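**Q** Have a peek at run16.txt (compact mmCIF, C-alpha atoms).
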```txt
# COMPACT_ATOMS: atom_id res chain seq x y z
CA MET M 1 2.64 -21.21 -17.04
CA TYR M 2 -0.56 -21.97 -15.14
CA ASP M 3 1.31 -24.23 -12.75
CA THR M 4 3.58 -21.30 -11.91
CA LEU M 5 0.59 -19.05 -11.22
CA LEU M 6 -0.88 -21.69 -8.93
CA GLN M 7 2.30 -21.64 -6.82
CA LEU M 8 1.58 -18.06 -5.78
CA PRO M 9 -0.10 -17.46 -2.42
CA LEU M 10 -2.79 -15.48 -4.23
CA PHE M 11 -4.14 -18.64 -5.87
CA GLN M 12 -3.50 -21.02 -3.00
CA GLY M 13 -6.51 -23.06 -2.01
CA LEU M 14 -8.44 -22.40 -5.23
CA SER M 15 -9.95 -25.58 -6.59
CA GLN M 16 -8.89 -26.78 -10.03
CA ALA M 17 -12.47 -26.11 -11.17
CA ASP M 18 -12.41 -22.51 -9.94
CA PHE M 19 -9.05 -21.95 -11.55
CA VAL M 20 -10.30 -23.29 -14.89
CA GLY M 21 -13.39 -21.09 -14.44
CA ILE M 22 -11.16 -18.06 -13.89
CA LEU M 23 -9.06 -18.81 -16.94
CA GLY M 24 -12.24 -19.00 -19.00
CA LYS M 25 -13.45 -15.57 -17.89
CA VAL M 26 -10.30 -13.57 -17.35
CA LYS M 27 -8.11 -12.11 -20.06
CA LEU M 28 -4.51 -12.83 -19.09
CA HIS M 29 -2.00 -10.57 -20.78
CA PHE M 30 1.40 -12.20 -21.29
CA THR M 31 4.58 -10.19 -21.95
CA LYS M 32 8.33 -10.80 -22.19
CA PHE M 33 11.16 -8.36 -21.51
CA GLU M 34 14.88 -8.52 -22.27
CA ALA M 35 17.34 -7.96 -19.44
CA GLY M 36 17.76 -4.26 -18.68
CA LYS M 37 14.30 -3.18 -19.83
CA LEU M 38 11.93 -1.30 -17.59
CA ILE M 39 8.90 -3.53 -17.09
CA LEU M 40 6.50 -1.17 -15.34
CA PRO M 41 6.04 2.60 -15.69
CA VAL M 42 8.21 4.57 -13.24
CA ALA M 43 5.99 6.18 -10.59
CA GLY M 44 3.12 5.11 -12.82
CA GLU M 45 -0.44 4.43 -11.84
CA HIS M 46 -0.77 0.91 -10.55
CA ASP M 47 -3.77 -0.50 -12.43
CA HIS M 48 -2.74 -4.10 -13.15
CA LEU M 49 -1.95 -7.05 -10.98
CA THR M 50 1.40 -8.19 -12.40
CA PHE M 51 2.89 -11.65 -11.88
CA LEU M 52 6.48 -12.51 -12.55
CA LEU M 53 6.38 -16.00 -14.08
CA ARG M 54 9.98 -16.55 -15.10
CA GLY M 55 13.31 -14.79 -14.67
CA GLU M 56 14.41 -12.18 -12.15
CA VAL M 57 13.57 -8.50 -11.78
CA SER M 58 15.53 -5.77 -10.09
CA VAL M 59 13.44 -3.66 -7.74
CA GLN M 60 14.83 -0.22 -7.03
CA THR M 61 13.32 2.05 -4.43
CA ALA M 62 14.38 5.63 -3.82
CA ALA M 63 14.05 7.35 -0.48
CA ALA M 64 12.00 10.52 -0.33
CA GLY M 65 14.49 13.31 -1.07
CA LYS M 66 16.56 10.85 -3.21
CA ARG M 67 19.49 10.67 -0.81
CA TYR M 68 19.71 6.93 -1.33
CA THR M 69 18.25 4.05 -3.30
CA LEU M 70 18.10 0.36 -2.52
CA THR M 71 17.93 -2.35 -5.17
CA GLU M 72 16.81 -5.92 -4.57
CA TYR M 73 16.56 -8.84 -6.97
CA LEU M 74 13.30 -10.72 -7.05
CA PRO M 75 13.08 -14.21 -8.60
CA ALA M 76 9.96 -15.79 -10.12
CA PRO M 77 7.31 -16.66 -9.16
CA ALA M 78 6.25 -13.41 -7.54
CA LEU M 79 3.46 -10.89 -7.44
CA LEU M 80 4.64 -7.31 -7.91
CA GLU M 81 3.66 -4.88 -5.17
CA PRO M 82 0.14 -6.04 -4.33
CA HIS M 83 -0.23 -3.43 -1.57
CA THR M 84 -0.19 -0.42 -3.91
CA LEU M 85 -2.95 -1.59 -6.28
CA PHE M 86 -5.68 -0.26 -3.98
CA GLY M 87 -5.80 2.66 -1.56
CA MET M 88 -5.77 6.42 -2.02
CA HIS M 89 -2.47 6.50 -3.85
CA PRO M 90 -2.27 3.50 -6.24
CA VAL M 91 1.20 4.23 -7.60
CA TYR M 92 4.22 1.88 -7.67
CA ASP M 93 6.66 2.45 -4.80
CA SER M 94 9.57 0.96 -6.75
CA ASN M 95 11.02 0.77 -10.25
CA TYR M 96 11.02 -2.67 -11.84
CA LYS M 97 13.54 -3.72 -14.47
CA ALA M 98 14.16 -7.09 -16.08
CA HIS M 99 17.40 -8.38 -14.56
CA THR M 100 17.36 -11.47 -16.78
CA LEU M 101 14.90 -12.29 -19.55
CA VAL M 102 11.54 -12.16 -17.77
CA HIS M 103 8.06 -13.45 -18.49
CA LEU M 104 5.15 -11.59 -16.96
CA VAL M 105 1.42 -11.95 -16.94
CA ASP M 106 -0.97 -9.25 -15.86
CA ILE M 107 -4.64 -8.81 -15.13
CA ASP M 108 -6.24 -5.38 -15.30
CA LYS M 109 -7.86 -3.93 -12.21
CA PRO M 110 -11.48 -3.95 -13.51
CA THR M 111 -11.17 -7.68 -14.27
CA LEU M 112 -9.64 -8.25 -10.88
CA THR M 113 -12.39 -6.42 -9.01
CA ASN M 114 -15.29 -7.65 -11.18
CA GLU M 115 -14.26 -11.26 -11.69
CA LEU M 116 -11.49 -12.52 -9.43
CA LEU M 117 -12.68 -10.89 -6.23
CA GLY M 118 -15.94 -12.78 -6.68
CA TYR M 119 -14.09 -15.92 -5.54
CA ASP M 120 -14.07 -16.21 -1.73
CA ILE M 121 -10.67 -17.84 -1.57
CA PHE M 122 -9.08 -15.40 -3.95
CA ARG M 123 -10.28 -12.36 -2.03
CA LEU M 124 -9.23 -13.81 1.31
CA ASN M 125 -5.81 -14.53 -0.18
CA LEU M 126 -5.55 -10.94 -1.37
CA LEU M 127 -6.72 -9.53 1.98
CA ASN M 128 -4.20 -11.76 3.75
CA LEU M 129 -1.36 -10.69 1.45
CA ILE M 130 -2.00 -6.98 1.82
CA SER M 131 -2.59 -7.28 5.57
CA ASN M 132 0.73 -9.11 5.90
CA ARG M 133 2.47 -6.23 4.17
CA ALA M 134 0.86 -3.72 6.51
CA GLN M 135 1.83 -5.86 9.52
CA VAL M 136 5.42 -6.31 8.38
CA TYR M 137 5.93 -2.60 7.75
CA ALA M 138 4.24 -1.64 11.02
CA SER M 139 6.33 -4.12 13.00
CA ARG M 140 9.53 -2.57 11.64
CA LEU M 141 8.53 0.75 13.17
CA TRP M 142 8.15 -0.93 16.56
CA GLU M 143 11.20 -3.17 16.41
CA GLU M 144 13.97 -2.71 18.94
CA MET M 145 16.34 0.06 17.94
CA PRO M 146 19.81 -1.34 18.48
CA ASP M 147 22.31 0.63 20.53
CA ASP M 148 25.18 -0.95 18.61
CA PRO M 149 25.93 1.07 15.43
CA GLN M 150 26.75 -2.09 13.42
CA LYS M 151 23.34 -3.51 14.20
CA ALA M 152 21.73 -0.15 13.49
CA LEU M 153 23.33 -0.09 10.04
CA LEU M 154 22.17 -3.62 9.24
CA GLN M 155 18.67 -2.82 10.50
CA PHE M 156 18.58 0.31 8.34
CA VAL M 157 19.19 -1.83 5.25
CA LEU M 158 16.94 -4.75 6.20
CA HIS M 159 14.04 -2.44 7.06
CA ARG M 160 14.07 -1.27 3.46
CA CYS M 161 14.19 -4.78 1.96
CA ASP M 162 11.14 -6.80 1.06
CA HIS M 163 13.22 -9.98 1.25
CA PRO M 164 15.76 -10.46 4.05
CA ARG M 165 18.03 -12.63 1.86
CA GLY M 166 20.04 -12.33 -1.32
CA ALA M 167 21.86 -9.50 -3.05
CA LYS M 168 21.16 -5.84 -2.28
CA LEU M 169 22.70 -2.69 -3.67
CA LEU M 170 22.58 0.42 -1.50
CA ARG M 171 23.51 3.59 -3.37
CA ILE M 172 24.45 6.18 -0.81
CA TYR M 173 27.34 8.41 0.15
CA GLN M 174 29.03 7.47 3.38
CA SER M 175 28.71 11.07 4.53
CA ASP M 176 24.91 10.86 4.12
CA LEU M 177 24.75 7.47 5.80
CA SER M 178 26.73 8.90 8.70
CA THR M 179 24.44 11.94 9.13
CA MET M 180 21.19 10.03 8.64
CA LEU M 181 22.02 7.32 11.14
CA ARG M 182 23.96 9.69 13.42
CA ILE M 183 26.91 7.28 13.40
CA PRO M 184 30.23 9.21 13.49
CA ARG M 185 32.21 9.08 10.22
CA LEU M 186 35.13 7.20 11.76
CA THR M 187 32.91 4.59 13.42
CA LEU M 188 31.04 4.06 10.15
CA SER M 189 34.28 3.73 8.15
CA ALA M 190 35.55 1.15 10.61
CA ILE M 191 32.31 -0.88 10.32
CA ILE M 192 32.40 -0.77 6.53
CA HIS M 193 36.05 -1.78 6.54
CA ARG M 194 35.34 -4.71 8.84
CA TRP M 195 32.33 -5.88 6.79
CA GLN M 196 34.44 -5.69 3.65
CA GLU M 197 37.21 -7.74 5.31
CA ASN M 198 34.59 -10.35 6.26
CA GLY M 199 33.44 -10.56 2.65
CA TRP M 200 29.97 -9.33 3.65
CA ILE M 201 30.00 -6.29 1.38
CA GLU M 202 31.79 -4.76 -1.54
CA ASN M 203 32.43 -1.15 -0.78
CA ARG M 204 32.30 0.93 -3.96
CA ARG M 205 32.35 4.64 -4.62
CA GLY M 206 28.85 5.90 -3.76
CA SER M 207 27.44 2.47 -3.06
CA ILE M 208 27.64 -0.64 -0.92
CA TYR M 209 26.88 -4.01 -2.48
CA PHE M 210 25.69 -6.88 -0.27
CA PRO M 211 26.16 -10.15 -2.20
CA ASN M 212 24.13 -12.11 0.42
CA ILE M 213 22.78 -9.95 3.16
CA GLU M 214 21.82 -12.94 5.32
CA ARG M 215 25.52 -13.78 5.73
CA ILE M 216 26.04 -10.75 7.97
CA LEU M 217 26.12 -12.13 11.47
CA LEU M 218 26.41 -9.62 14.31
CA MET Q 219 -26.14 4.31 15.74
CA TYR Q 220 -26.52 3.27 12.12
CA ASP Q 221 -25.85 6.82 10.96
CA THR Q 222 -22.55 6.69 12.84
CA LEU Q 223 -21.59 3.42 11.14
CA LEU Q 224 -22.40 4.92 7.75
CA GLN Q 225 -19.90 7.73 8.41
CA LEU Q 226 -17.05 5.24 8.41
CA PRO Q 227 -15.02 4.81 5.22
CA LEU Q 228 -15.78 1.08 5.34
CA PHE Q 229 -19.45 1.72 4.56
CA GLN Q 230 -18.96 4.67 2.23
CA GLY Q 231 -20.71 4.30 -1.09
CA LEU Q 232 -23.05 1.50 0.05
CA SER Q 233 -26.61 2.15 -1.04
CA GLN Q 234 -29.30 2.51 1.62
CA ALA Q 235 -30.82 -0.73 0.27
CA ASP Q 236 -27.54 -2.64 0.65
CA PHE Q 237 -27.06 -1.27 4.14
CA VAL Q 238 -30.58 -2.34 5.15
CA GLY Q 239 -29.86 -5.73 3.55
CA ILE Q 240 -26.69 -6.05 5.62
CA LEU Q 241 -28.48 -5.14 8.83
CA GLY Q 242 -31.04 -7.83 8.09
CA LYS Q 243 -28.40 -10.55 7.67
CA VAL Q 244 -25.63 -9.57 10.02
CA LYS Q 245 -25.65 -9.93 13.77
CA LEU Q 246 -24.28 -6.72 15.24
CA HIS Q 247 -22.99 -7.06 18.76
CA PHE Q 248 -23.26 -3.87 20.81
CA THR Q 249 -21.24 -3.27 23.98
CA LYS Q 250 -20.53 -0.42 26.39
CA PHE Q 251 -17.46 0.10 28.59
CA GLU Q 252 -16.80 2.48 31.48
CA ALA Q 253 -13.73 4.71 31.36
CA GLY Q 254 -10.59 2.79 32.31
CA LYS Q 255 -11.80 -0.65 31.19
CA LEU Q 256 -9.88 -2.74 28.74
CA ILE Q 257 -12.10 -3.15 25.68
CA LEU Q 258 -10.17 -5.76 23.69
CA PRO Q 259 -8.00 -8.67 24.86
CA VAL Q 260 -4.33 -7.71 25.27
CA ALA Q 261 -2.27 -9.37 22.53
CA GLY Q 262 -5.44 -11.35 21.83
CA GLU Q 263 -6.46 -12.98 18.60
CA HIS Q 264 -8.12 -10.45 16.35
CA ASP Q 265 -11.33 -12.16 15.23
CA HIS Q 266 -13.88 -9.34 15.21
CA LEU Q 267 -14.19 -6.15 13.26
CA THR Q 268 -14.75 -3.60 16.04
CA PHE Q 269 -16.23 -0.14 15.52
CA LEU Q 270 -16.03 2.64 18.06
CA LEU Q 271 -19.41 4.37 17.88
CA ARG Q 272 -19.21 6.82 20.76
CA GLY Q 273 -16.61 8.05 23.23
CA GLU Q 274 -12.83 7.91 23.08
CA VAL Q 275 -10.38 5.04 23.49
CA SER Q 276 -6.75 5.11 24.51
CA VAL Q 277 -4.52 3.08 22.22
CA GLN Q 278 -1.25 1.98 23.78
CA THR Q 279 1.47 0.31 21.74
CA ALA Q 280 4.66 -1.14 23.20
CA ALA Q 281 7.89 -1.39 21.26
CA ALA Q 282 9.43 -4.81 20.86
CA GLY Q 283 11.67 -5.21 23.92
CA LYS Q 284 9.33 -2.89 25.91
CA ARG Q 285 11.77 -0.01 26.14
CA TYR Q 286 8.98 2.44 25.41
CA THR Q 287 5.25 2.69 24.85
CA LEU Q 288 3.21 5.28 23.02
CA THR Q 289 -0.40 6.09 23.82
CA GLU Q 290 -2.81 7.88 21.51
CA TYR Q 291 -6.45 8.84 22.05
CA LEU Q 292 -8.89 7.87 19.34
CA PRO Q 293 -12.33 9.52 19.12
CA ALA Q 294 -15.47 7.93 17.60
CA PRO Q 295 -16.33 7.04 14.93
CA ALA Q 296 -13.45 4.72 14.20
CA LEU Q 297 -12.63 1.20 13.13
CA LEU Q 298 -10.11 -0.51 15.40
CA GLU Q 299 -7.01 -1.88 13.69
CA PRO Q 300 -8.47 -3.22 10.43
CA HIS Q 301 -5.03 -4.26 9.15
CA THR Q 302 -4.51 -7.00 11.76
CA LEU Q 303 -7.79 -8.87 11.18
CA PHE Q 304 -6.31 -10.82 8.27
CA GLY Q 305 -2.80 -12.05 7.50
CA MET Q 306 -0.55 -14.65 9.05
CA HIS Q 307 -0.57 -13.09 12.50
CA PRO Q 308 -4.08 -11.77 13.28
CA VAL Q 309 -3.29 -10.35 16.71
CA TYR Q 310 -3.88 -6.79 17.95
CA ASP Q 311 -0.80 -4.57 17.78
CA SER Q 312 -2.07 -2.26 20.53
CA ASN Q 313 -3.98 -2.30 23.80
CA TYR Q 314 -7.34 -0.56 23.77
CA LYS Q 315 -8.92 0.96 26.87
CA ALA Q 316 -12.03 3.08 27.26
CA HIS Q 317 -10.81 6.62 27.91
CA THR Q 318 -14.36 7.90 28.40
CA LEU Q 319 -17.56 5.87 28.39
CA VAL Q 320 -17.46 4.10 25.03
CA HIS Q 321 -19.99 2.37 22.83
CA LEU Q 322 -18.74 -0.33 20.49
CA VAL Q 323 -20.25 -2.60 17.92
CA ASP Q 324 -18.55 -5.63 16.51
CA ILE Q 325 -19.03 -8.16 13.75
CA ASP Q 326 -17.36 -11.56 13.95
CA LYS Q 327 -14.92 -12.60 11.27
CA PRO Q 328 -17.01 -15.44 9.78
CA THR Q 329 -19.94 -13.03 9.28
CA LEU Q 330 -17.59 -10.50 7.78
CA THR Q 331 -16.08 -12.96 5.30
CA ASN Q 332 -19.30 -14.82 4.48
CA GLU Q 333 -21.72 -11.90 4.31
CA LEU Q 334 -20.15 -8.45 4.19
CA LEU Q 335 -17.38 -9.28 1.74
CA GLY Q 336 -20.07 -10.38 -0.70
CA TYR Q 337 -20.82 -6.68 -1.30
CA ASP Q 338 -18.51 -5.22 -3.98
CA ILE Q 339 -18.33 -1.79 -2.39
CA PHE Q 340 -17.69 -3.12 1.07
CA ARG Q 341 -14.79 -5.32 -0.05
CA LEU Q 342 -13.25 -2.55 -2.11
CA ASN Q 343 -13.53 -0.25 0.90
CA LEU Q 344 -11.78 -2.85 3.08
CA LEU Q 345 -9.04 -3.46 0.48
CA ASN Q 346 -8.53 0.30 0.19
CA LEU Q 347 -8.33 0.76 3.96
CA ILE Q 348 -5.80 -2.01 4.51
CA SER Q 349 -3.76 -0.98 1.46
CA ASN Q 350 -3.66 2.57 2.80
CA ARG Q 351 -2.25 1.29 6.06
CA ALA Q 352 0.44 -0.69 4.25
CA GLN Q 353 1.29 2.37 2.13
CA VAL Q 354 1.47 4.72 5.09
CA TYR Q 355 3.74 2.40 7.08
CA ALA Q 356 5.94 1.71 4.04
CA SER Q 357 6.28 5.41 3.25
CA ARG Q 358 7.54 6.08 6.77
CA LEU Q 359 10.43 3.73 6.17
CA TRP Q 360 11.39 5.70 3.06
CA GLU Q 361 10.81 9.19 4.43
CA GLU Q 362 13.73 11.59 4.65
CA MET Q 363 15.76 11.03 7.78
CA PRO Q 364 16.33 14.48 9.23
CA ASP Q 365 19.87 15.56 10.12
CA ASP Q 366 18.53 17.91 12.78
CA PRO Q 367 18.09 16.02 16.09
CA GLN Q 368 14.93 17.99 16.97
CA LYS Q 369 13.29 16.90 13.75
CA ALA Q 370 14.55 13.35 14.28
CA LEU Q 371 12.90 13.26 17.70
CA LEU Q 372 9.59 14.54 16.33
CA GLN Q 373 9.75 12.06 13.45
CA PHE Q 374 10.42 9.23 15.88
CA VAL Q 375 7.16 10.02 17.70
CA LEU Q 376 5.04 10.75 14.62
CA HIS Q 377 6.18 7.55 12.89
CA ARG Q 378 4.62 5.62 15.75
CA CYS Q 379 1.31 7.52 15.72
CA ASP Q 380 -1.68 6.49 13.67
CA HIS Q 381 -2.98 10.06 13.85
CA PRO Q 382 -0.64 13.02 13.46
CA ARG Q 383 -2.75 15.25 15.72
CA GLY Q 384 -3.93 15.37 19.31
CA ALA Q 385 -2.51 14.16 22.60
CA LYS Q 386 0.24 11.52 22.81
CA LEU Q 387 1.98 10.03 25.80
CA LEU Q 388 5.44 8.61 25.27
CA ARG Q 389 6.69 6.52 28.19
CA ILE Q 390 10.43 6.30 27.90
CA TYR Q 391 13.56 7.09 29.86
CA GLN Q 392 15.60 9.93 28.44
CA SER Q 393 18.67 7.72 28.63
CA ASP Q 394 16.98 5.14 26.36
CA LEU Q 395 15.74 7.83 24.00
CA SER Q 396 19.25 9.18 23.79
CA THR Q 397 20.80 5.77 23.00
CA MET Q 398 18.09 4.67 20.59
CA LEU Q 399 18.16 7.85 18.52
CA ARG Q 400 21.92 8.34 19.02
CA ILE Q 401 21.31 11.92 20.18
CA PRO Q 402 23.79 12.90 22.90
CA ARG Q 403 22.25 13.27 26.39
CA LEU Q 404 22.99 17.00 26.62
CA THR Q 405 21.54 17.75 23.19
CA LEU Q 406 18.42 15.76 24.03
CA SER Q 407 17.98 17.51 27.40
CA ALA Q 408 18.29 20.89 25.69
CA ILE Q 409 15.62 19.93 23.12
CA ILE Q 410 13.25 18.68 25.79
CA HIS Q 411 13.82 21.80 27.86
CA ARG Q 412 13.09 24.02 24.85
CA TRP Q 413 9.94 22.10 23.91
CA GLN Q 414 8.71 22.35 27.49
CA GLU Q 415 9.37 26.13 27.51
CA ASN Q 416 7.34 26.39 24.29
CA GLY Q 417 4.44 24.55 25.91
CA TRP Q 418 4.73 21.74 23.38
CA ILE Q 419 5.32 19.01 25.93
CA GLU Q 420 5.06 18.22 29.60
CA ASN Q 421 8.23 16.52 30.69
CA ARG Q 422 7.52 14.00 33.44
CA ARG Q 423 9.62 11.39 35.14
CA GLY Q 424 9.82 8.47 32.69
CA SER Q 425 7.48 10.03 30.16
CA ILE Q 426 6.85 12.93 27.82
CA TYR Q 427 3.29 14.12 27.29
CA PHE Q 428 2.39 15.94 24.06
CA PRO Q 429 -0.92 17.78 24.61
CA ASN Q 430 -1.25 18.56 20.87
CA ILE Q 431 1.54 17.12 18.82
CA GLU Q 432 0.58 19.16 15.74
CA ARG Q 433 1.57 22.36 17.61
CA ILE Q 434 5.25 21.44 17.41
CA LEU Q 435 6.62 23.56 14.60
CA LEU Q 436 10.26 23.05 13.71
```
Step by step, read the file and then write its structure as structure tokens.
**A**
Amino acid sequence: MYDTLLQLPLFQGLSQADFVGILGKVKLHFTKFEAGKLILPVAGEHDHLTFLLRGEVSVQTAAAGKRYTLTEYLPAPALLEPHTLFGMHPVYDSNYKAHTLVHLVDIDKPTLTNELLGYDIFRLNLLNLISNRAQVYASRLWEEMPDDPQKALLQFVLHRCDHPRGAKLLRIYQSDLSTMLRIPRLTLSAIIHRWQENGWIENRRGSIYFPNIERILL
Amino acid sequence: MYDTLLQLPLFQGLSQADFVGILGKVKLHFTKFEAGKLILPVAGEHDHLTFLLRGEVSVQTAAAGKRYTLTEYLPAPALLEPHTLFGMHPVYDSNYKAHTLVHLVDIDKPTLTNELLGYDIFRLNLLNLISNRAQVYASRLWEEMPDDPQKALLQFVLHRCDHPRGAKLLRIYQSDLSTMLRIPRLTLSAIIHRWQENGWIENRRGSIYFPNIERILL
């Protein structure tokens, strides 16, 4: 278990001695969840740093106004949403469910701030992680906006993914997708048809499933 | 000067004693720039925490591909781009010029990490600030996408502003704006005409100036 934790960027560079020191001082709280179970409170206060040690979680995010949701699948090892633990509004952005059997470990926020942040390397790692998130999200807002509607559709999905690879499930009505992206219904249908023919998506009623989003080559 | 620094969220909650302790240990580097001067290196490595103590800076950001730029005007006191000091790519997102005579103070990154981050309150303030940035940028990606093209145009501008009030200058060709937002040329012209009639914008060749963006009420 500890080896898995040490693989995470948050612990990178910590000496073995520091890590042993941390384990001596910090209460780690281990949990297990069966597939399908909610692992974190929906829209709940984010007051624990939660690590996914084993298994895979599904991460579902709903757009403001609930016109669509996007689900991604996150394999271990991973740290869940480090950028919403601090700030004015420390609430989870997404819903997290066990997609397989998962093993988690969490550290409460007081322990994090009183103990872990005392380690130079740990706090630089955390600052780097959160800054990276801010930079990634900001850069999306300034990315080129493609003229081509196919590229615009792909960008719409990728801009809402934390990982640009793997399976994604977009729950949305084609009529909403068409209005939101201002792509005419017929153009959008033709794109979806073509992507389905290419095996890039499975078009379902009210949703589009991307088995491997990185396979879409435009 | 010190009173101005203490007004910034980064120093909020620090005791007078801690602040005096910081001033004793930390080398503050004061500078002044005349209006029109570049105050930070363009696309330069971000290796100082820079505070704007007096005056106003213009903050210009270019989209990837350079099809448009947006300029905002930031009054003192302010901290310049805290979210790009750490992370994998510590480079300024924007160009900063003195808009009036400005007074700055900066602290180099080694001093920040070795001295300032030793103070609990200071490092929590910094984590909160950067997390807020990440949360604000993320929330823009999940905001409702308006069907109405007027609202879509306003959202496009506001999503690229760090401050939702005051003057903004958007340098863009209407033809590019039309293609990027997929708003037909005639519709876009009508919107721009109406906004100009309302006194909300000044439409110039190759740019749109918003004297007070918060006055646009749709």
**Q** Define the interface residues of chain Q facing chain M as those within 6 Å, counting only C-alpha atoms, and report them as a PDB file with C-alpha atoms, in the coordinates of the input.
**A**
```pdb
ATOM      1  CA  ALA Q 281       7.890  -1.390  21.260  1.00  0.00           C
ATOM      2  CA  ALA Q 282       9.430  -4.810  20.860  1.00  0.00           C
ATOM      3  CA  HIS Q 301      -5.030  -4.260   9.150  1.00  0.00           C
ATOM      4  CA  PHE Q 304      -6.310 -10.820   8.270  1.00  0.00           C
ATOM      5  CA  GLY Q 305      -2.800 -12.050   7.500  1.00  0.00           C
ATOM      6  CA  ASN Q 346      -8.530   0.300   0.190  1.00  0.00           C
ATOM      7  CA  SER Q 349      -3.760  -0.980   1.460  1.00  0.00           C
ATOM      8  CA  ASN Q 350      -3.660   2.570   2.800  1.00  0.00           C
ATOM      9  CA  ARG Q 351      -2.250   1.290   6.060  1.00  0.00           C
ATOM     10  CA  ALA Q 352       0.440  -0.690   4.250  1.00  0.00           C
ATOM     11  CA  TYR Q 355       3.740   2.400   7.080  1.00  0.00           C
ATOM     12  CA  ALA Q 356       5.940   1.710   4.040  1.00  0.00           C
ATOM     13  CA  TRP Q 360      11.390   5.700   3.060  1.00  0.00           C
ATOM     14  CA  GLU Q 361      10.810   9.190   4.430  1.00  0.00           C
ATOM     15  CA  GLU Q 362      13.730  11.590   4.650  1.00  0.00           C
ATOM     16  CA  MET Q 363      15.760  11.030   7.780  1.00  0.00           C
ATOM     17  CA  ASP Q 365      19.870  15.560  10.120  1.00  0.00           C
ATOM     18  CA  THR Q 397      20.800   5.770  23.000  1.00  0.00           C
ATOM     19  CA  MET Q 398      18.090   4.670  20.590  1.00  0.00           C
TER      20      MET Q 398
END
```
**Q** May I have the residues within 9 Å of Leu270 (chain Q) as a PyMOL selection string, using all atoms listed in the file and disregarding those fewer than 5 positions away in the same chain?
**A** chain Q and resi 223+275+292-298+320-324
**Q** Taking only C-alpha atoms into account, name the residue in Q:Ala408, Q:Leu436, Q:Leu288, Q:Val238 that is nearest to Lys386 (chain Q).
**A** Q:Leu288
**Q** Show me, as a list of chain:residue names, the residues that have an atom within 8 Å of Tyr92 (chain M) when counting all atoms listed in the file, minus same-chain residues fewer than 4 positions from it.
**A**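 Once the adjacent positions are removed, what remains is M:Val42, M:Ala43, M:Gly44, M:Glu45, M:His46, M:Glu81, M:Thr84.
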**Q** Could you name the residues that touch Pro429 (chain Q) at 12 Å or less, counting only C-alpha atoms, but leaving out those on the same chain fewer than 5 positions away, as number ranges by chain?
**A** Q: 289-291, 383-388, 413-414, 416-421, 434
**Q** Please list as a count of residues only every residue within 10 Å of Arg204 (chain M), counting all atoms listed in the file and excluding residues in the same chain fewer than 5 positions away.
**A** 4
**Q** One number please: CA of Arg215 (chain M) to CA of Leu53 (chain M), in Å, one decimal.
**A**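 Taking CA of Arg215 (chain M) as the start and CA of Leu53 (chain M) as the end point, the length is 27.6 Å.
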**Q** Interatomic distance between CA of Pro9 (chain M) and CA of Phe122 (chain M)?
**A**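 Here the two named atoms are 9.3 Å from each other.
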**Q** Would you work out the distance separating CA of Lys151 (chain M) from CA of Ile426 (chain Q), expressed in Å to one decimal?
**A**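 Spanning CA of Lys151 (chain M) to CA of Ile426 (chain Q) is a straight-line distance of 27.0 Å.
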**Q** Nearest residue to Leu246 (chain Q) out of Q:Leu226, Q:Ile325, Q:Val277, Q:Leu258, using all atoms listed in the file?
**A** Q:Ile325
